[in-house]
Amino acid sequence: MTKLLASVTGPEEATIALAGGADIIDLKDPAQGALGAVAPAILSATLREIAGRRPVSAVAGDLPMQPAAVIDAVAARGQADFVKIGLFPAPRAERLAVIDALASLAETVRLVAVFFADGDPDFGLLEALAAAGFYGAMIDTMGKGGDGLLSTLSLPALSRFVSRARAFNLVTGLAGSLEPPDVPRLLPLRPDYLGFRGALTRGARGERIDAAQVARLARLIAGTGDGQAAGEPPRPGPQSLDRIFVRDFVLDLDIGAYGHEHGRRQKVRFDIEAKIARIDTRHDDIAEVYSYDVLIDAIRARADAGHTDLVETLALDLCREILSDGRVFEVSVAIAKLELGPGAVGIEVTRRQGEMAS
Ligand SMILES: O=C[C@H](O)COP(=O)(O)O
C-alpha cells in the first residue's frame, strides 16, 4: 500500500501532518532549496514531538557531490528514521564516490537516495546504491513550482524506475510538485510512498501546510474518494452505474501476428468504457472520482511495452489492469486496427470484477 510522505519544516508542521493522516514525516526547509536541510536541533525537537508515532526522515541538504560534505551532513542527522541524500548533477564518478563513501554509514543509518527528474537522473546507479546498503531510492524534482514530475518523466519511465529499484530491494518513492490529479495516475505504479510539500499548503510551497490539504491527499492515496479502497472487491451493485470513457484514442502500435506486421507500427484505435458507482461530486474533489487519465495511462503503458501479436491479448491485459482498481465494476475495451482492411478491424471485450485472474 502506497504511503503519504509529507515534507514539514519542524515540530509544529509535523503535528499538522500527523493530524491530516501523513504516514511519514519528512523534515525539510523549503526556503533552502529542493532538499534544503533543517538544523539537527529541529530534527531532535520533531522526533520528540512525534514520539515514534510515525517515521521521521530528514534531508541532508542541497550539497555538492563531495563525499566528506555529504557524510558530515548525514551523520549529523543519523537519529532520523531515514536520511534522504540528493544525487545532484555531477559526473558519474563523483556521484559514485559519494554513494561508495556512504556505505560506511549504511549499517547505522537508513539511507534514501534522491534522483532528480530534471537533474540528469542516472538510474544505472541503482545497482551501486543497493551494493552500498542503501534503504531506498526516490525521484523528486529540483525545480519547484514549474513542471512537475509527470511533465518531466513519462509514466513508463517512472514505472521502470519503481520496478528496477524494487528488484534491488530498495524502498521506492515518487515526488516532485505532485498535485492531487497526479495521485490516481501514479498509484498503479505501486511506489512505496508519494511525497508532497507544495500541495500540502493552500498557496506557495513555503507557506504553512494545512491539515485539510494533507487529509485530502491521504484520502486520495487510500483510494477512499468514493468510500471504497482501490483493490477491494466491489460493494453490492448500485441501482445504476456511471461510465468513464476514452473514445477515438489513436496510437501507433507495434502489433500483429503476420511477419509484415513485425518491426513497424500501425495505427490502432482504442475505445474504453469503465463502469463505476454513481458519481456524487458534492465537494468538487478529484478524490471523489475515478479519473479518465488512469484509462489513458493504462493504454499508453501497454503500448510502450513492446510488440504484441494479438489484439485479444492487448484487450484482456487492459481489462485486467483497469479492473485491478476495485472502483471499476465493469470495463469494455474495443481495439481496432485502422490500416489493415478497407475499414477498421478488431475486437471488443467486456469483463466484470472477479472475472479475471490477476
Ligand atoms: O520529498 C518530497 C518533496 O518535499 C516534495 O516537494 P514538492 O511537492 O513541493 O515538490
# chains A, B, ... in the order shown; residues from 1 in each chain; ligands from 1

call {"tool": "closest_atom_pairs", "arguments": {"of": "chain A", "to": "ligand 1", "cutoff": "10 Å", "atoms": "only C-alpha atoms and all ligand atoms", "output": "Markdown table"}}
result
| residue | atom | partner | partner_atom_place_in_ligand_line | distance |
| --- | --- | --- | --- | --- |
| A:Leu4 | CA | ligand 1 | 2 (C) | 9.8 |
| A:Leu5 | CA | ligand 1 | 1 (O) | 6.9 |
| A:Ala6 | CA | ligand 1 | 2 (C) | 6.8 |
| A:Ser7 | CA | ligand 1 | 4 (O) | 4.7 |
| A:Val8 | CA | ligand 1 | 4 (O) | 7.9 |
| A:Ile25 | CA | ligand 1 | 1 (O) | 9.7 |
| A:Asp26 | CA | ligand 1 | 1 (O) | 7.0 |
| A:Leu27 | CA | ligand 1 | 4 (O) | 8.4 |
| A:Lys28 | CA | ligand 1 | 4 (O) | 7.0 |
| A:Asp29 | CA | ligand 1 | 4 (O) | 9.0 |
| A:Pro30 | CA | ligand 1 | 4 (O) | 7.7 |
| A:Gly33 | CA | ligand 1 | 4 (O) | 9.9 |
| A:Ala34 | CA | ligand 1 | 4 (O) | 7.1 |
| A:Leu35 | CA | ligand 1 | 4 (O) | 7.3 |
| A:Gly36 | CA | ligand 1 | 4 (O) | 9.4 |
| A:Ser57 | CA | ligand 1 | 1 (O) | 9.6 |
| A:Ala58 | CA | ligand 1 | 1 (O) | 9.7 |
| A:Val59 | CA | ligand 1 | 1 (O) | 8.7 |
| A:Lys84 | CA | ligand 1 | 1 (O) | 8.7 |
| A:Val114 | CA | ligand 1 | 1 (O) | 8.7 |
| A:Met138 | CA | ligand 1 | 1 (O) | 8.5 |
| A:Ile139 | CA | ligand 1 | 1 (O) | 8.5 |
| A:Asp140 | CA | ligand 1 | 2 (C) | 6.5 |
| A:Thr141 | CA | ligand 1 | 10 (O) | 6.4 |
| A:Met142 | CA | ligand 1 | 10 (O) | 8.0 |
| A:Gly143 | CA | ligand 1 | 10 (O) | 8.0 |
| A:Lys144 | CA | ligand 1 | 10 (O) | 5.8 |
| A:Gly145 | CA | ligand 1 | 9 (O) | 7.4 |
| A:Gly146 | CA | ligand 1 | 10 (O) | 9.6 |
| A:Asp147 | CA | ligand 1 | 10 (O) | 9.8 |
| A:Gly148 | CA | ligand 1 | 10 (O) | 7.3 |
| A:Leu149 | CA | ligand 1 | 10 (O) | 8.3 |
| A:Gly173 | CA | ligand 1 | 1 (O) | 8.4 |
| A:Leu174 | CA | ligand 1 | 2 (C) | 7.8 |
| A:Ala175 | CA | ligand 1 | 5 (C) | 5.1 |
| A:Gly176 | CA | ligand 1 | 10 (O) | 3.7 |
| A:Ser177 | CA | ligand 1 | 10 (O) | 3.4 |
| A:Leu178 | CA | ligand 1 | 8 (O) | 5.2 |
| A:Glu179 | CA | ligand 1 | 8 (O) | 7.7 |
| A:Tyr193 | CA | ligand 1 | 1 (O) | 9.7 |
| A:Leu194 | CA | ligand 1 | 2 (C) | 7.7 |
| A:Gly195 | CA | ligand 1 | 2 (C) | 4.1 |
| A:Phe196 | CA | ligand 1 | 8 (O) | 3.6 |
| A:Arg197 | CA | ligand 1 | 8 (O) | 3.8 |
| A:Gly198 | CA | ligand 1 | 9 (O) | 3.7 |
| A:Ala199 | CA | ligand 1 | 8 (O) | 5.9 |
| A:Leu200 | CA | ligand 1 | 8 (O) | 7.7 |
| A:Thr201 | CA | ligand 1 | 9 (O) | 9.3 |
| A:Ala204 | CA | ligand 1 | 9 (O) | 8.9 |
| A:Arg205 | CA | ligand 1 | 9 (O) | 5.7 |
| A:Gly206 | CA | ligand 1 | 9 (O) | 8.7 |

call {"tool": "write_last_selection", "arguments": {"atoms": "C-alpha atoms", "output": "PDB file, in the first residue's frame"}}
result
ATOM      1  CA  LEU A   4       1.941   9.560   2.098  1.00  0.00           C
ATOM      2  CA  LEU A   5       5.193  11.363   2.871  1.00  0.00           C
ATOM      3  CA  ALA A   6       4.645  14.947   3.998  1.00  0.00           C
ATOM      4  CA  SER A   7       7.559  17.401   3.993  1.00  0.00           C
ATOM      5  CA  VAL A   8       7.394  19.675   7.032  1.00  0.00           C
ATOM      6  CA  ILE A  25       7.052  12.962   8.414  1.00  0.00           C
ATOM      7  CA  ASP A  26       9.854  14.373   6.277  1.00  0.00           C
ATOM      8  CA  LEU A  27      11.869  17.317   7.577  1.00  0.00           C
ATOM      9  CA  LYS A  28      12.976  19.925   5.100  1.00  0.00           C
ATOM     10  CA  ASP A  29      13.418  23.680   4.810  1.00  0.00           C
ATOM     11  CA  PRO A  30      11.735  24.660   1.517  1.00  0.00           C
ATOM     12  CA  GLY A  33      16.109  24.528  -1.960  1.00  0.00           C
ATOM     13  CA  ALA A  34      14.650  21.236  -3.169  1.00  0.00           C
ATOM     14  CA  LEU A  35      16.355  19.302  -0.361  1.00  0.00           C
ATOM     15  CA  GLY A  36      17.042  22.213   1.988  1.00  0.00           C
ATOM     16  CA  SER A  57      13.017  11.414   7.798  1.00  0.00           C
ATOM     17  CA  ALA A  58      15.458  14.265   7.273  1.00  0.00           C
ATOM     18  CA  VAL A  59      17.166  15.561   4.160  1.00  0.00           C
ATOM     19  CA  LYS A  84      17.472  11.469   2.143  1.00  0.00           C
ATOM     20  CA  VAL A 114      17.007  11.096  -4.282  1.00  0.00           C
ATOM     21  CA  MET A 138      13.130   8.053  -4.848  1.00  0.00           C
ATOM     22  CA  ILE A 139      12.624  10.589  -7.609  1.00  0.00           C
ATOM     23  CA  ASP A 140      11.904  14.260  -6.952  1.00  0.00           C
ATOM     24  CA  THR A 141      12.361  17.455  -8.984  1.00  0.00           C
ATOM     25  CA  MET A 142      14.956  20.155  -8.339  1.00  0.00           C
ATOM     26  CA  GLY A 143      12.795  22.874  -9.831  1.00  0.00           C
ATOM     27  CA  LYS A 144       9.683  23.683  -7.848  1.00  0.00           C
ATOM     28  CA  GLY A 145       6.544  25.427  -8.942  1.00  0.00           C
ATOM     29  CA  GLY A 146       7.087  24.757 -12.647  1.00  0.00           C
ATOM     30  CA  ASP A 147       6.805  21.431 -14.401  1.00  0.00           C
ATOM     31  CA  GLY A 148       6.016  18.606 -12.038  1.00  0.00           C
ATOM     32  CA  LEU A 149       7.264  15.047 -12.107  1.00  0.00           C
ATOM     33  CA  GLY A 173       9.220   6.936  -3.560  1.00  0.00           C
ATOM     34  CA  LEU A 174       7.972   9.478  -6.101  1.00  0.00           C
ATOM     35  CA  ALA A 175       7.657  13.230  -5.624  1.00  0.00           C
ATOM     36  CA  GLY A 176       8.113  16.494  -7.478  1.00  0.00           C
ATOM     37  CA  SER A 177       5.452  19.226  -7.388  1.00  0.00           C
ATOM     38  CA  LEU A 178       2.811  16.499  -7.359  1.00  0.00           C
ATOM     39  CA  GLU A 179      -0.796  17.653  -7.416  1.00  0.00           C
ATOM     40  CA  TYR A 193       5.293   6.326  -0.957  1.00  0.00           C
ATOM     41  CA  LEU A 194       4.336   9.561  -2.714  1.00  0.00           C
ATOM     42  CA  GLY A 195       5.948  12.733  -1.367  1.00  0.00           C
ATOM     43  CA  PHE A 196       4.441  16.221  -1.164  1.00  0.00           C
ATOM     44  CA  ARG A 197       5.213  19.719   0.040  1.00  0.00           C
ATOM     45  CA  GLY A 198       3.690  22.313  -2.298  1.00  0.00           C
ATOM     46  CA  ALA A 199       0.319  20.549  -2.485  1.00  0.00           C
ATOM     47  CA  LEU A 200       0.074  20.472   1.319  1.00  0.00           C
ATOM     48  CA  THR A 201      -0.175  24.257   1.592  1.00  0.00           C
ATOM     49  CA  ALA A 204       3.079  28.681  -2.215  1.00  0.00           C
ATOM     50  CA  ARG A 205       5.439  25.864  -1.244  1.00  0.00           C
ATOM     51  CA  GLY A 206       6.943  27.946   1.555  1.00  0.00           C
TER      52      GLY A 206
END

call {"tool": "select_by_dssp", "arguments": {"residues": "segment 85-266 of chain A", "states": "helix (DSSP H, G or I)", "output": "MDAnalysis selection string"}}
result
chainID A and resid 92:102 123:131 149:152 155:167 180:189 198:200 211:222 259:261

call {"tool": "residues_around", "arguments": {"residues": "segment 121-130 of chain A", "least_positions_apart": "5", "cutoff": "10 Å", "atoms": "only C-alpha atoms", "output": "ChimeraX atom specification"}}
result
/A:87-89,92,95-96,99-100,102-103,111-116,135-137,139-140,160-161,164-170

call {"tool": "write_last_selection", "arguments": {"atoms": "C-alpha atoms", "output": "CSV table (one decimal), in the first residue's frame"}}
result
chain,number,residue,atom,x,y,z
A,87,LEU,CA,22.1,12.8,-6.3
A,88,PHE,CA,22.7,16.3,-7.7
A,89,PRO,CA,24.0,16.8,-11.3
A,92,ARG,CA,29.1,9.8,-12.7
A,95,ARG,CA,28.1,10.5,-7.7
A,96,LEU,CA,29.6,7.0,-7.3
A,99,ILE,CA,27.5,6.5,-2.8
A,100,ASP,CA,30.5,4.4,-2.0
A,102,LEU,CA,28.1,6.4,2.4
A,103,ALA,CA,28.4,2.6,2.6
A,111,LEU,CA,19.8,6.0,3.5
A,112,VAL,CA,17.5,7.0,0.8
A,113,ALA,CA,18.9,8.3,-2.5
A,114,VAL,CA,17.0,11.1,-4.3
A,115,PHE,CA,17.2,11.2,-8.1
A,116,PHE,CA,16.1,14.4,-9.7
A,135,TYR,CA,17.5,1.5,2.2
A,136,GLY,CA,15.6,3.3,-0.6
A,137,ALA,CA,15.6,5.4,-3.8
A,139,ILE,CA,12.6,10.6,-7.6
A,140,ASP,CA,11.9,14.3,-7.0
A,160,ARG,CA,10.6,1.1,-14.9
A,161,PHE,CA,12.3,3.0,-12.1
A,164,ARG,CA,14.1,-1.7,-11.1
A,165,ALA,CA,14.6,-0.2,-7.6
A,166,ARG,CA,12.3,-2.8,-6.2
A,167,ALA,CA,14.3,-5.6,-7.9
A,168,PHE,CA,17.3,-4.3,-5.8
A,169,ASN,CA,15.1,-4.4,-2.7
A,170,LEU,CA,15.0,-0.7,-2.4

call {"tool": "atom_distance", "arguments": {"atom1": "atom CA of Gly10 of chain A", "atom2": "atom CA of Ala45 of chain A"}}
result
7.6 Å

call {"tool": "closest_atom_pairs", "arguments": {"of": "segment 158-223 of chain A", "to": "segment 292-312 of chain A", "cutoff": "12 Å", "atoms": "only C-alpha atoms", "output": "Markdown table"}}
result
| residue | atom | partner | partner_atom | distance |
| --- | --- | --- | --- | --- |
| A:Leu158 | CA | A:Ala301 | CA | 10.6 |
| A:Ser159 | CA | A:Ala301 | CA | 8.8 |
| A:Arg160 | CA | A:Ala301 | CA | 10.6 |
| A:Pro181 | CA | A:Asp293 | CA | 8.6 |
| A:Asp182 | CA | A:Asp293 | CA | 9.0 |
| A:Val183 | CA | A:Val294 | CA | 9.9 |
| A:Pro184 | CA | A:Val294 | CA | 6.7 |
| A:Arg185 | CA | A:Val294 | CA | 5.4 |
| A:Leu186 | CA | A:Val294 | CA | 8.8 |
| A:Leu187 | CA | A:Val294 | CA | 9.5 |
| A:Pro188 | CA | A:Val294 | CA | 8.5 |
| A:Leu189 | CA | A:Ala301 | CA | 10.4 |

call {"tool": "closest_residue", "arguments": {"among": "A:Ala90, A:Val171, A:Val162, A:Ile286", "to": "Arg216 of chain A", "atoms": "only C-alpha atoms"}}
result
A:Ile286

call {"tool": "residues_around", "arguments": {"residues": "Ala277 of chain A", "least_positions_apart": "2", "cutoff": "8 Å", "atoms": "only C-alpha atoms", "output": "compact mmCIF listing (two decimals) with N, CA and C atoms, in the first residue's frame"}}
result
# COMPACT_ATOMS: atom_id res chain seq x y z
N PRO A 238 -24.85 -1.07 -7.16
CA PRO A 238 -25.70 0.11 -7.03
C PRO A 238 -26.85 0.04 -8.03
N SER A 240 -27.69 2.02 -10.35
CA SER A 240 -27.22 2.25 -11.71
C SER A 240 -25.76 2.68 -11.65
N LEU A 241 -25.12 2.53 -12.78
CA LEU A 241 -23.68 2.82 -12.83
C LEU A 241 -23.43 3.99 -13.76
N ASP A 242 -22.40 4.74 -13.45
CA ASP A 242 -21.96 5.78 -14.37
C ASP A 242 -20.79 5.25 -15.19
N LYS A 275 -17.25 1.15 -16.04
CA LYS A 275 -18.47 1.43 -15.27
C LYS A 275 -18.11 1.51 -13.78
N ILE A 279 -21.69 8.71 -9.59
CA ILE A 279 -20.81 9.79 -9.15
C ILE A 279 -21.60 10.82 -8.35
N ARG A 327 -12.76 0.13 -7.81
CA ARG A 327 -13.90 1.04 -8.06
C ARG A 327 -14.56 0.76 -9.40
N VAL A 328 -13.87 0.02 -10.26
CA VAL A 328 -14.43 -0.27 -11.59
C VAL A 328 -15.20 -1.59 -11.51
N PHE A 329 -16.49 -1.54 -11.80
CA PHE A 329 -17.33 -2.74 -11.75
C PHE A 329 -17.21 -3.55 -13.03

call {"tool": "select_by_dssp", "arguments": {"residues": "segment 49-216 of chain A", "states": "strand (DSSP E or B)", "output": "ChimeraX atom specification"}}
result
/A:56-59,82-86,111-116,136-140,171-174,193-196,201,209

call {"tool": "atom_distance", "arguments": {"atom1": "atom CA of Glu330 of chain A", "atom2": "atom CA of Gln353 of chain A"}}
result
6.1 Å

call {"tool": "closest_residue", "arguments": {"among": "A:His262, A:Leu253, A:Arg219, A:Ile244", "to": "Asp285 of chain A", "atoms": "only C-alpha atoms"}}
result
A:Arg219

call {"tool": "closest_residue", "arguments": {"among": "A:Val331, A:Ala157, A:Ala37, A:Ala215", "to": "Arg243 of chain A", "atoms": "only C-alpha atoms"}}
result
A:Val331

call {"tool": "atom_distance", "arguments": {"atom1": "atom CA of Ala41 of chain A", "atom2": "atom CA of Val83 of chain A"}}
result
15.1 Å
